[in-house]
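Colleague: Okay, handing you the structure first.
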Amino acid sequence: HNGKKTRHFLTLNDISAEELSSIIARAIELKAEVYNGTSKPLLDRKVMGMIFEKSSTRTRVSFETGMAQLGGHALFLSSRDTQLGRGEPIEDSARVLSRMVDIVMIRTFGHDTIERFAEYSRVPVINALTDDYHPCQLLADIQTFVELRGSMQGKSVAWVGDGNNMCNSYINAARLCDFELRIATPEGFGPTAERINAGKERIKICTNPTDAVKGADLVVTDTWASMGQEDEKQLRERAFADYQVNAELMSHAASDALFMHCLPAYRGKEVSAELLDAPDSPVWQEAENRLHAQKALIEFLLTQ
Ligand code: CP
Ligand code: NVA
């Protein structure tokens, strides 16, 4: 332990605009190395602990595969099977785990859980989704936009649907990447006034999806009922009925607008099957980029 301040990635606010650009550029480089078979084991014998208190497909597979490709190892730690699930304090878990592993990734409910873990951790902590933020997904989304359209600076992005963890991370990204974010959510489901205010130079709150999408370069949505909101599913389906992203809504966006979704997607709910299954849909590339972007993030955090 070298006494240097440990860098964490709990939200996008933990990195500067310059650091974000270099992580994205590095992600694109690491992706090319995978494709041409020149990946190097840059993280030989490094170990990542992956704490999951919620389900996951992409996040688990991308972090585990990423660590393997870098010559390291990843441990899947479900709260169901660790002492966390039996009430061992998060602070104690942080102190113990961070004496063994080199980096930790956490997917949990309350954002304070990951903040408390980070406070007691000797090693970098990555937010792999909390109720409030999903910054790793933004790295993949930004990489995908950059690959397909170039810089996000000055672009306009429409967020349609729930003012959830993804929406909050888009608010942070708007500042870092300097794009305009137009948010359309049903009343009562928007981001908090505090978050809107923090990003106010670049955020517009719209009263309907069409206004938000008008002329947009990127349209983004997500499930109407996030993990932990299973009981509200029906109520939410009624409240969000007019917020589906489909071809009609996309027709108001720029003619080369991209549609993104962090997945898993629910066809016929927040997105039409037609739009999600379009042959040129970027959502699969967006999902793949979780792998490349997170490898760049891990390398960045471990070489600070
Ligand atoms: N987008 C995303 O984080 O997917 P998973 O829940 O499958 O990890
Ligand atoms: N907003 C969703 C994202 C899933 C990857 C959730 O929190 O469940």
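Going through the structure tokens in order, the chains are called A, B, and so on, while each chain numbers its residues from 1 and the ligands are numbered from 1 in the order shown.
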Got a sec: who's within 6 Å of Ala296 of chain A, counting only C-alpha atoms, leaving out chain neighbours fewer than 5 positions off, as a PyMOL selection string?
Modeller: chain A and resi 23+26-27
Colleague: Store the residues of this selection in a file with N, CA and C atoms, as a short mmCIF file (atom, residue, chain, number, x, y, z; two decimals), in the first residue's frame.
Modeller:
data_model
loop_
_atom_site.label_atom_id
_atom_site.label_comp_id
_atom_site.auth_asym_id
_atom_site.auth_seq_id
_atom_site.Cartn_x
_atom_site.Cartn_y
_atom_site.Cartn_z
N ILE A 23 -9.79 7.48 -21.49
CA ILE A 23 -10.34 6.12 -21.25
C ILE A 23 -11.07 5.63 -22.51
N ARG A 26 -8.58 4.77 -25.20
CA ARG A 26 -7.90 3.52 -24.83
C ARG A 26 -8.83 2.32 -25.05
N ALA A 27 -10.11 2.50 -24.75
CA ALA A 27 -11.09 1.42 -24.97
C ALA A 27 -11.12 1.03 -26.45
#
Colleague: Within 12 Å of segment 31-37 of chain A, counting only C-alpha atoms, which residues show up once you throw out same-chain ones fewer than 3 positions away? Write them as a ChimeraX atom specification, please.
Modeller: /A:24-28,40-41,65-66,69-70,140,143-144,147,285,288-296
Colleague: Taking into account only C-alpha atoms, which residue in the set A:Val271, A:Ala287, A:Ala68, A:Leu249 is nearest to Asp222 of chain A?
Modeller: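 Smallest separation from Asp222 of chain A among the options: A:Val271.
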Colleague: Can you pull out every residue with an atom within 10 Å of ligand 1? Use only C-alpha atoms and all ligand atoms and format it as a VMD selection string.
Modeller: chain A and resid 52 54 to 63 107 128 to 129 134 to 138 140 166 222 226 to 227 261 to 265 286 to 287 290
Colleague: Determine, counting only C-alpha atoms, which protein, DNA and RNA residues have an atom within 8 Å of an atom of segment 297-303 of chain A; residues of the same chain fewer than 4 positions away are not included. Present the result as a compact mmCIF listing (two decimals) with C-alpha atoms, in the first residue's frame.
Modeller:
# COMPACT_ATOMS: atom_id res chain seq x y z
CA ARG A 7 -9.01 6.50 -7.09
CA HIS A 8 -12.56 5.19 -7.23
CA ILE A 23 -10.34 6.12 -21.25
CA LEU A 43 -2.83 -7.03 -15.50
CA ILE A 103 -9.75 -3.85 -7.37
CA PRO A 124 -10.11 1.15 -6.31
CA ALA A 293 -14.55 0.39 -21.93
Colleague: Can you pull out the residues contacting Leu84 of chain A? Cut-off 12 Å, using only C-alpha atoms, and skip same-chain residues under 3 positions away; I want them as a list in words.
Modeller: Ile51, Phe52, Glu53, Leu77, Ser78, Ser79, Arg80, Asp81, Gly87, Glu88, Pro89, Ile90, Glu91, Asp92, Ser93, Ala94, Val96, Leu97, Thr108, Thr113 and Phe117 of chain A
